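Raw contents of entry_35.cif, mmCIF, C-alpha atoms:
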data_run
loop_
_atom_site.label_atom_id
_atom_site.label_comp_id
_atom_site.auth_asym_id
_atom_site.auth_seq_id
_atom_site.Cartn_x
_atom_site.Cartn_y
_atom_site.Cartn_z
CA MET A 1 -16.28 -46.13 146.63
CA SER A 2 -13.18 -44.06 146.48
CA ASN A 3 -11.62 -43.07 149.77
CA GLY A 4 -10.51 -39.53 149.06
CA LEU A 5 -7.40 -37.60 148.23
CA ALA A 6 -4.22 -36.32 149.82
CA LEU A 7 -2.20 -33.57 148.21
CA THR A 8 0.72 -31.37 149.16
CA LEU A 9 0.51 -27.96 147.52
CA GLU A 10 3.03 -25.16 147.20
CA THR A 11 1.86 -21.84 148.61
CA ARG A 12 1.20 -20.14 145.28
CA PRO A 13 -2.23 -19.50 143.71
CA GLU A 14 -1.48 -21.45 140.52
CA GLU A 15 -1.58 -24.61 142.62
CA LEU A 16 -5.36 -24.27 142.71
CA GLU A 17 -5.43 -25.75 139.21
CA ARG A 18 -3.86 -28.95 140.46
CA LEU A 19 -6.29 -29.07 143.35
CA THR A 20 -9.28 -28.51 141.06
CA ALA A 21 -8.15 -31.28 138.72
CA ALA A 22 -7.79 -33.69 141.64
CA ILE A 23 -11.29 -32.82 142.90
CA GLU A 24 -12.81 -33.30 139.43
CA THR A 25 -11.21 -36.73 139.13
CA LEU A 26 -12.42 -37.81 142.55
CA ALA A 27 -15.92 -36.42 141.85
CA GLU A 28 -16.12 -38.50 138.71
CA GLN A 29 -14.85 -41.70 140.36
CA ASP A 30 -17.13 -41.25 143.32
CA ASN A 31 -20.19 -40.12 141.29
CA TRP A 32 -20.78 -36.82 143.03
CA PRO A 33 -23.74 -34.73 141.94
CA ALA A 34 -22.71 -31.44 140.31
CA ALA A 35 -23.87 -29.41 143.30
CA LEU A 36 -21.57 -31.34 145.64
CA THR A 37 -18.57 -30.94 143.33
CA PHE A 38 -19.26 -27.20 143.25
CA LYS A 39 -19.36 -27.00 147.05
CA VAL A 40 -16.24 -29.06 147.62
CA ASN A 41 -14.40 -26.92 145.07
CA LEU A 42 -15.55 -23.75 146.75
CA VAL A 43 -14.78 -24.85 150.31
CA LEU A 44 -11.31 -26.05 149.34
CA GLU A 45 -10.50 -22.99 147.24
CA GLU A 46 -11.51 -20.55 149.97
CA LEU A 47 -9.58 -22.37 152.70
CA VAL A 48 -6.49 -23.04 150.60
CA LEU A 49 -6.32 -19.46 149.28
CA ASN A 50 -6.60 -18.20 152.85
CA VAL A 51 -3.47 -20.14 153.72
CA ILE A 52 -1.64 -19.13 150.52
CA ASN A 53 -2.51 -15.45 150.94
CA TYR A 54 -2.24 -14.99 154.70
CA ALA A 55 -0.29 -17.71 156.45
CA TYR A 56 3.14 -16.79 155.12
CA ASP A 57 4.91 -13.55 154.29
CA GLU A 58 6.77 -15.14 151.41
CA SER A 59 6.10 -17.94 148.94
CA GLY A 60 7.94 -21.26 148.83
CA HIS A 61 6.08 -23.05 151.59
CA GLN A 62 3.74 -26.00 151.50
CA LEU A 63 0.36 -27.01 152.81
CA ASP A 64 -1.36 -30.37 153.04
CA VAL A 65 -4.88 -31.08 151.86
CA LYS A 66 -6.65 -34.25 152.86
CA LEU A 67 -10.14 -35.27 151.91
CA THR A 68 -11.83 -38.43 153.10
CA CYS A 69 -15.31 -39.58 152.23
CA ASN A 70 -17.73 -42.13 153.54
CA GLU A 71 -21.36 -42.91 152.71
CA GLU A 72 -22.73 -39.79 154.39
CA ASP A 73 -20.02 -37.19 154.80
CA LEU A 74 -16.89 -35.64 153.41
CA VAL A 75 -14.19 -34.48 155.78
CA ILE A 76 -11.54 -32.03 154.65
CA GLU A 77 -8.42 -31.24 156.63
CA ILE A 78 -5.95 -28.53 155.72
CA THR A 79 -2.65 -28.25 157.54
CA ASP A 80 0.04 -25.59 157.27
CA GLU A 81 3.01 -24.38 159.27
CA GLY A 82 2.28 -20.69 158.80
CA LYS A 83 1.31 -18.01 161.27
CA PRO A 84 -1.47 -18.97 163.66
CA PHE A 85 -4.70 -18.07 161.89
CA ASP A 86 -8.14 -19.19 162.98
CA PRO A 87 -10.56 -18.32 160.17
CA LEU A 88 -13.45 -18.78 162.59
CA HIS A 89 -12.27 -15.91 164.79
CA ASP A 90 -9.62 -14.00 162.88
CA ALA A 91 -11.44 -13.43 159.58
CA PRO A 92 -13.51 -10.24 159.39
CA ASP A 93 -17.29 -10.58 159.67
CA PRO A 94 -18.84 -10.54 156.24
CA ASP A 95 -20.74 -7.47 155.19
CA MET A 96 -24.05 -8.74 153.87
CA ASP A 97 -26.37 -5.81 154.15
CA SER A 98 -24.60 -2.55 153.34
CA PRO A 99 -25.66 -0.73 150.21
CA MET A 100 -23.49 -1.51 147.23
CA GLU A 101 -21.24 1.54 147.44
CA GLU A 102 -20.22 0.77 151.04
CA ARG A 103 -20.07 -2.97 150.77
CA ARG A 104 -16.84 -4.74 151.78
CA ILE A 105 -15.84 -8.13 150.49
CA GLY A 106 -13.55 -9.29 153.31
CA GLY A 107 -14.65 -12.38 155.19
CA LEU A 108 -17.00 -13.56 152.47
CA GLY A 109 -14.94 -16.64 151.61
CA VAL A 110 -14.95 -17.92 155.18
CA TYR A 111 -18.63 -17.11 155.49
CA LEU A 112 -19.40 -19.19 152.39
CA VAL A 113 -17.41 -22.09 153.82
CA ARG A 114 -19.27 -21.84 157.09
CA THR A 115 -22.67 -22.01 155.42
CA MET A 116 -21.70 -24.96 153.22
CA THR A 117 -20.26 -27.16 155.93
CA SER A 118 -21.91 -28.95 158.82
CA ASP A 119 -18.88 -28.64 161.09
CA MET A 120 -15.81 -26.39 161.07
CA GLN A 121 -12.98 -26.64 163.58
CA TYR A 122 -9.63 -25.00 163.99
CA ARG A 123 -6.77 -26.07 166.20
CA ARG A 124 -3.17 -25.00 166.56
CA GLU A 125 -0.99 -27.99 167.32
CA ASP A 126 2.75 -28.69 167.06
CA GLY A 127 3.30 -25.31 165.44
CA LYS A 128 0.73 -26.02 162.74
CA ASN A 129 -2.69 -24.71 161.77
CA HIS A 130 -5.22 -27.51 161.38
CA MET A 131 -8.50 -26.60 159.75
CA THR A 132 -11.07 -29.39 159.62
CA VAL A 133 -14.48 -29.13 157.99
CA ALA A 134 -17.19 -31.69 157.40
CA MET A 135 -19.96 -31.59 154.87
CA SER A 136 -22.88 -33.81 154.11
CA ARG A 137 -22.91 -35.62 150.77
CA ASP A 138 -26.55 -35.05 150.07
CA GLU A 139 -27.07 -31.35 150.55
CA MET B 140 -13.16 -18.77 131.74
CA GLU B 141 -14.38 -17.22 128.54
CA LEU B 142 -16.24 -13.98 128.09
CA LYS B 143 -18.25 -12.97 125.03
CA SER B 144 -20.05 -9.71 124.74
CA THR B 145 -22.74 -8.37 122.46
CA ARG B 146 -24.39 -4.98 122.46
CA GLU B 147 -28.09 -4.32 122.21
CA GLY B 148 -28.67 -0.59 121.93
CA THR B 149 -27.22 1.00 125.05
CA ASN B 150 -27.09 -2.34 126.86
CA LEU B 151 -24.21 -4.74 126.97
CA ILE B 152 -24.77 -8.46 127.32
CA VAL B 153 -21.85 -10.46 128.64
CA ASP B 154 -21.80 -14.25 128.45
CA VAL B 155 -19.55 -15.77 131.09
CA GLU B 156 -18.54 -19.36 130.49
CA GLY B 157 -16.55 -21.86 132.51
CA ARG B 158 -14.93 -21.22 135.87
CA VAL B 159 -14.14 -17.97 137.66
CA ASP B 160 -11.83 -18.66 140.58
CA GLY B 161 -8.78 -17.32 142.40
CA THR B 162 -6.51 -18.16 139.47
CA ASN B 163 -8.34 -16.14 136.83
CA ALA B 164 -10.39 -13.53 138.69
CA MET B 165 -7.97 -10.79 137.54
CA ASP B 166 -8.49 -11.84 133.90
CA PHE B 167 -12.24 -11.84 134.48
CA GLN B 168 -11.99 -8.29 135.83
CA SER B 169 -9.94 -6.93 132.94
CA ALA B 170 -12.12 -8.68 130.32
CA LEU B 171 -15.21 -7.07 131.86
CA GLU B 172 -13.58 -3.66 132.09
CA ASP B 173 -12.50 -3.91 128.44
CA ALA B 174 -16.01 -4.84 127.32
CA ILE B 175 -17.87 -2.13 129.24
CA GLN B 176 -18.13 1.33 127.70
CA GLN B 177 -18.92 4.63 129.39
CA SER B 178 -22.11 4.90 127.31
CA ASP B 179 -23.53 1.58 128.51
CA GLN B 180 -26.66 2.02 130.59
CA GLY B 181 -27.23 -1.58 131.45
CA VAL B 182 -24.96 -4.60 131.66
CA ILE B 183 -26.51 -8.05 131.73
CA MET B 184 -24.26 -10.84 132.88
CA ASP B 185 -25.59 -14.07 131.41
CA MET B 186 -24.33 -16.84 133.71
CA GLY B 187 -26.07 -19.75 131.98
CA GLN B 188 -22.70 -21.30 131.11
CA LEU B 189 -20.91 -20.28 134.30
CA GLN B 190 -19.93 -23.55 135.95
CA TYR B 191 -18.21 -22.24 139.04
CA ILE B 192 -17.54 -19.01 140.91
CA SER B 193 -15.81 -18.41 144.25
CA SER B 194 -15.46 -15.32 146.45
CA ALA B 195 -12.61 -14.13 144.19
CA GLY B 196 -15.09 -13.89 141.32
CA LEU B 197 -17.80 -12.32 143.49
CA ARG B 198 -15.32 -9.64 144.47
CA VAL B 199 -14.89 -8.71 140.79
CA ILE B 200 -18.65 -8.58 140.26
CA LEU B 201 -18.98 -6.24 143.24
CA LEU B 202 -16.21 -3.96 141.90
CA VAL B 203 -17.84 -3.85 138.46
CA ALA B 204 -21.29 -3.18 139.95
CA LYS B 205 -19.82 -0.29 141.97
CA SER B 206 -18.08 1.25 139.00
CA LEU B 207 -21.22 0.91 136.83
CA GLN B 208 -23.22 2.63 139.52
CA LYS B 209 -20.84 5.61 139.24
CA GLN B 210 -21.77 5.97 135.57
CA ASN B 211 -25.46 5.55 136.47
CA ALA B 212 -25.61 2.15 134.83
CA LYS B 213 -27.05 -1.07 136.21
CA LEU B 214 -25.64 -4.55 136.46
CA LEU B 215 -28.10 -7.44 136.17
CA GLY B 216 -27.59 -11.18 136.19
CA CYS B 217 -29.54 -13.88 134.40
CA ALA B 218 -29.81 -17.62 133.81
CA LEU B 219 -27.91 -18.63 136.97
CA SER B 220 -27.48 -22.33 137.63
CA GLU B 221 -28.82 -23.62 140.90
CA SER B 222 -25.38 -23.64 142.56
CA VAL B 223 -24.50 -20.11 141.42
CA ARG B 224 -27.90 -18.86 142.47
CA GLU B 225 -27.31 -20.34 145.92
CA ILE B 226 -23.96 -18.54 146.23
CA PHE B 227 -25.64 -15.28 145.22
CA ALA B 228 -28.37 -15.80 147.82
CA ILE B 229 -26.01 -16.81 150.65
CA SER B 230 -23.67 -13.89 150.02
CA GLY B 231 -26.50 -11.39 149.62
CA PHE B 232 -25.27 -10.59 146.12
CA ASP B 233 -28.79 -10.96 144.77
CA LYS B 234 -29.53 -7.72 146.64
CA ILE B 235 -26.89 -5.76 144.73
CA VAL B 236 -27.14 -7.56 141.39
CA PRO B 237 -30.80 -8.27 140.55
CA VAL B 238 -31.11 -11.75 139.13
CA HIS B 239 -33.54 -12.70 136.35
CA GLU B 240 -34.60 -16.03 134.89
CA SER B 241 -33.69 -15.24 131.32
CA ARG B 242 -31.86 -12.72 129.22
CA ALA B 243 -35.22 -11.52 127.84
CA ASP B 244 -36.50 -10.89 131.38
CA ALA B 245 -33.36 -8.94 132.23
CA LEU B 246 -33.64 -6.81 129.08
CA LYS B 247 -37.27 -6.15 129.89
CA ALA B 248 -36.32 -5.06 133.42
CA LEU B 249 -33.87 -2.55 131.96
CA GLU B 250 -36.59 -1.11 129.75
CA ASP B 251 -39.04 -0.57 132.62
#

Represent the structure contained in this file as structure tokens.
Amino acid sequence: MSNGLALTLETRPEELERLTAAIETLAEQDNWPAALTFKVNLVLEELVLNVINYAYDESGHQLDVKLTCNEEDLVIEITDEGKPFDPLHDAPDPDMDSPMEERRIGGLGVYLVRTMTSDMQYRREDGKNHMTVAMSRDE
Amino acid sequence: MELKSTREGTNLIVDVEGRVDGTNAMDFQSALEDAIQQSDQGVIMDMGQLQYISSAGLRVILLVAKSLQKQNAKLLGCALSESVREIFAISGFDKIVPVHESRADALKALED
């Protein structure tokens, strides 16, 4: 079994391609079912784009992505040195029920992450944002 | 991401293939806007070959659904994979974009 991945990304959206490629490689090595690959992609994209879009006022920074897997779970940790931002409390509540014309999209990414993970924790430590999520392999 | 469109009467069928994510959601939006005409009454998004979509792609679908509603047209989805269907259900998008099993079912729904 493979033990995961560790990547440092620049804070620009194009870096998602590198992240996606790394996830696909790991998924293949570690024999993930398609549904799990989809979820890991989604969780990582939403969290990483949050950092890229909101943590810094300008580009040219970096963030660290770490993924470890064992028999049952995957644990993802994202670390950045940007502004304090706790997606669990600072992201807007998603708008799930309004009629189409009034519907807002903000907060949907974080909401999707929350539903696809079994645990989601934020901490601010040493001037860094640490976002840790866990997800089960067999959902 | 690749988008192919065909027209059946006053309905447009759009095949979305590949991945729609934060890197290409803007391209997805402009490709859809280019394909849709004012005279279209129904737009069916066939997602049979859509491998992946994130909230960036859902945002585009919501924008397109809103703008179609302004021209009294409907947006329908069909042939969603299990993972995409789950995203639609979790996000409540299946309430704003009715989802059908097949393209034929979606066309039939537009006729009714």

Output check: residues returned by the PyMOL selection byres ((chain B and resi 236) around 7), as a compact mmCIF listing (two decimals) with C-alpha atoms, keeping the file's coordinate frame:
# COMPACT_ATOMS: atom_id res chain seq x y z
CA LEU B 214 -25.64 -4.55 136.46
CA LEU B 215 -28.10 -7.44 136.17
CA GLY B 216 -27.59 -11.18 136.19
CA PHE B 232 -25.27 -10.59 146.12
CA ASP B 233 -28.79 -10.96 144.77
CA LYS B 234 -29.53 -7.72 146.64
CA ILE B 235 -26.89 -5.76 144.73
CA PRO B 237 -30.80 -8.27 140.55
CA VAL B 238 -31.11 -11.75 139.13

For the PyMOL selection byres ((chain B) within 10 of (chain A)), applied here, can you spell out every residue it catches as a tab-separated table (two decimals) with C-alpha atoms, in the frame of the given file?
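Below you can see expr_38.tsv, which holds the result:
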chain	number	residue	atom	x	y	z
B	160	ASP	CA	-11.83	-18.66	140.58
B	161	GLY	CA	-8.78	-17.32	142.40
B	162	THR	CA	-6.51	-18.16	139.47
B	163	ASN	CA	-8.34	-16.14	136.83
B	190	GLN	CA	-19.93	-23.55	135.95
B	191	TYR	CA	-18.21	-22.24	139.04
B	192	ILE	CA	-17.54	-19.01	140.91
B	193	SER	CA	-15.81	-18.41	144.25
B	194	SER	CA	-15.46	-15.32	146.45
B	195	ALA	CA	-12.61	-14.13	144.19
B	197	LEU	CA	-17.80	-12.32	143.49
B	198	ARG	CA	-15.32	-9.64	144.47
B	199	VAL	CA	-14.89	-8.71	140.79
B	201	LEU	CA	-18.98	-6.24	143.24
B	202	LEU	CA	-16.21	-3.96	141.90
B	204	ALA	CA	-21.29	-3.18	139.95
B	205	LYS	CA	-19.82	-0.29	141.97
B	206	SER	CA	-18.08	1.25	139.00
B	208	GLN	CA	-23.22	2.63	139.52
B	209	LYS	CA	-20.84	5.61	139.24
B	220	SER	CA	-27.48	-22.33	137.63
B	221	GLU	CA	-28.82	-23.62	140.90
B	222	SER	CA	-25.38	-23.64	142.56
B	223	VAL	CA	-24.50	-20.11	141.42
B	226	ILE	CA	-23.96	-18.54	146.23
B	229	ILE	CA	-26.01	-16.81	150.65
B	230	SER	CA	-23.67	-13.89	150.02
B	231	GLY	CA	-26.50	-11.39	149.62
B	232	PHE	CA	-25.27	-10.59	146.12
B	234	LYS	CA	-29.53	-7.72	146.64
B	235	ILE	CA	-26.89	-5.76	144.73
B	236	VAL	CA	-27.14	-7.56	141.39

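The two atoms in question, atom CA of A:Leu9 and atom CA of B:Gly157, are spaced 23.5 Å apart.
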
- Name the residues in contact with A:Arg123 at a cut-off of 12 Å, using all atoms listed in the file, excluding same-chain residues fewer than 5 positions from it; report them as a PyMOL selection string. chain A and resi 77-80+84-89+128-133

- Message: Which residues are near B:Asp179? Cut-off 10 Å, all atoms listed in the file, ignore same chain within fewer than 5 positions. Put them as number ranges by chain.
- Response: B: 146-151, 174, 207, 210-213

Selected residues, C-alpha atoms, written as a PDB file, keeping the file's coordinate frame, please.
ATOM      1  CA  ARG B 146     -24.390  -4.980 122.460  1.00  0.00           C
ATOM      2  CA  GLU B 147     -28.090  -4.320 122.210  1.00  0.00           C
ATOM      3  CA  GLY B 148     -28.670  -0.590 121.930  1.00  0.00           C
ATOM      4  CA  THR B 149     -27.220   1.000 125.050  1.00  0.00           C
ATOM      5  CA  ASN B 150     -27.090  -2.340 126.860  1.00  0.00           C
ATOM      6  CA  LEU B 151     -24.210  -4.740 126.970  1.00  0.00           C
ATOM      7  CA  ALA B 174     -16.010  -4.840 127.320  1.00  0.00           C
ATOM      8  CA  LEU B 207     -21.220   0.910 136.830  1.00  0.00           C
ATOM      9  CA  GLN B 210     -21.770   5.970 135.570  1.00  0.00           C
ATOM     10  CA  ASN B 211     -25.460   5.550 136.470  1.00  0.00           C
ATOM     11  CA  ALA B 212     -25.610   2.150 134.830  1.00  0.00           C
ATOM     12  CA  LYS B 213     -27.050  -1.070 136.210  1.00  0.00           C
TER      13      LYS B 213
END

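Of note, atom CA of A:Ser136 and atom CA of A:Ile76 are spaced 11.5 Å apart.
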
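A straight line drawn from atom CA of A:Gly4 to atom CA of A:Glu28 is 11.8 Å long.
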
- Item | Explicit residues for the PyMOL selection byres ((chain B and resi 155) around 6) (as a VMD selection string) | chain B and resid 141 to 142 154 156 186 189

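Closest approach to B:Asp173 among B:Gly196, B:Val203, B:His239, B:Asp185: B:Val203, based on only C-alpha atoms.
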
Could you write stretch 159-171 of chain B as a PDB file, in the coordinates of the input, with N, CA, C and O atoms rebuilt where they are missing?
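Result went into out-v3.pdb, see below:
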ATOM      1  N   VAL B 159     -14.795 -19.194 137.201  1.00  0.00           N
ATOM      2  CA  VAL B 159     -14.140 -17.970 137.660  1.00  0.00           C
ATOM      3  C   VAL B 159     -13.670 -18.243 139.089  1.00  0.00           C
ATOM      4  O   VAL B 159     -14.477 -18.412 139.999  1.00  0.00           O
ATOM      5  N   ASP B 160     -12.368 -18.332 139.252  1.00  0.00           N
ATOM      6  CA  ASP B 160     -11.830 -18.660 140.580  1.00  0.00           C
ATOM      7  C   ASP B 160     -10.619 -17.777 140.895  1.00  0.00           C
ATOM      8  O   ASP B 160     -10.331 -16.809 140.181  1.00  0.00           O
ATOM      9  N   GLY B 161      -9.917 -18.128 141.950  1.00  0.00           N
ATOM     10  CA  GLY B 161      -8.780 -17.320 142.400  1.00  0.00           C
ATOM     11  C   GLY B 161      -7.632 -17.264 141.396  1.00  0.00           C
ATOM     12  O   GLY B 161      -6.787 -16.379 141.484  1.00  0.00           O
ATOM     13  N   THR B 162      -7.616 -18.197 140.432  1.00  0.00           N
ATOM     14  CA  THR B 162      -6.510 -18.160 139.470  1.00  0.00           C
ATOM     15  C   THR B 162      -6.790 -17.227 138.299  1.00  0.00           C
ATOM     16  O   THR B 162      -5.865 -16.777 137.646  1.00  0.00           O
ATOM     17  N   ASN B 163      -8.067 -16.972 138.007  1.00  0.00           N
ATOM     18  CA  ASN B 163      -8.340 -16.140 136.830  1.00  0.00           C
ATOM     19  C   ASN B 163      -9.247 -14.944 137.098  1.00  0.00           C
ATOM     20  O   ASN B 163      -9.718 -14.295 136.158  1.00  0.00           O
ATOM     21  N   ALA B 164      -9.494 -14.641 138.372  1.00  0.00           N
ATOM     22  CA  ALA B 164     -10.390 -13.530 138.690  1.00  0.00           C
ATOM     23  C   ALA B 164      -9.871 -12.196 138.127  1.00  0.00           C
ATOM     24  O   ALA B 164     -10.652 -11.354 137.686  1.00  0.00           O
ATOM     25  N   MET B 165      -8.542 -12.032 138.100  1.00  0.00           N
ATOM     26  CA  MET B 165      -7.970 -10.790 137.540  1.00  0.00           C
ATOM     27  C   MET B 165      -8.251 -10.689 136.040  1.00  0.00           C
ATOM     28  O   MET B 165      -8.531  -9.606 135.526  1.00  0.00           O
ATOM     29  N   ASP B 166      -8.180 -11.832 135.339  1.00  0.00           N
ATOM     30  CA  ASP B 166      -8.490 -11.840 133.900  1.00  0.00           C
ATOM     31  C   ASP B 166      -9.974 -11.521 133.679  1.00  0.00           C
ATOM     32  O   ASP B 166     -10.335 -10.819 132.736  1.00  0.00           O
ATOM     33  N   PHE B 167     -10.799 -12.074 134.543  1.00  0.00           N
ATOM     34  CA  PHE B 167     -12.240 -11.840 134.480  1.00  0.00           C
ATOM     35  C   PHE B 167     -12.504 -10.331 134.624  1.00  0.00           C
ATOM     36  O   PHE B 167     -13.257  -9.734 133.852  1.00  0.00           O
ATOM     37  N   GLN B 168     -11.812  -9.726 135.605  1.00  0.00           N
ATOM     38  CA  GLN B 168     -11.990  -8.290 135.830  1.00  0.00           C
ATOM     39  C   GLN B 168     -11.564  -7.471 134.618  1.00  0.00           C
ATOM     40  O   GLN B 168     -12.304  -6.595 134.153  1.00  0.00           O
ATOM     41  N   SER B 169     -10.387  -7.763 134.065  1.00  0.00           N
ATOM     42  CA  SER B 169      -9.940  -6.930 132.940  1.00  0.00           C
ATOM     43  C   SER B 169     -10.775  -7.174 131.686  1.00  0.00           C
ATOM     44  O   SER B 169     -11.032  -6.244 130.929  1.00  0.00           O
ATOM     45  N   ALA B 170     -11.256  -8.414 131.486  1.00  0.00           N
ATOM     46  CA  ALA B 170     -12.120  -8.680 130.320  1.00  0.00           C
ATOM     47  C   ALA B 170     -13.432  -7.902 130.437  1.00  0.00           C
ATOM     48  O   ALA B 170     -13.920  -7.342 129.451  1.00  0.00           O
ATOM     49  N   LEU B 171     -13.968  -7.834 131.653  1.00  0.00           N
ATOM     50  CA  LEU B 171     -15.210  -7.070 131.860  1.00  0.00           C
ATOM     51  C   LEU B 171     -14.972  -5.580 131.653  1.00  0.00           C
ATOM     52  O   LEU B 171     -15.748  -4.896 130.986  1.00  0.00           O
TER      53      LEU B 171
END
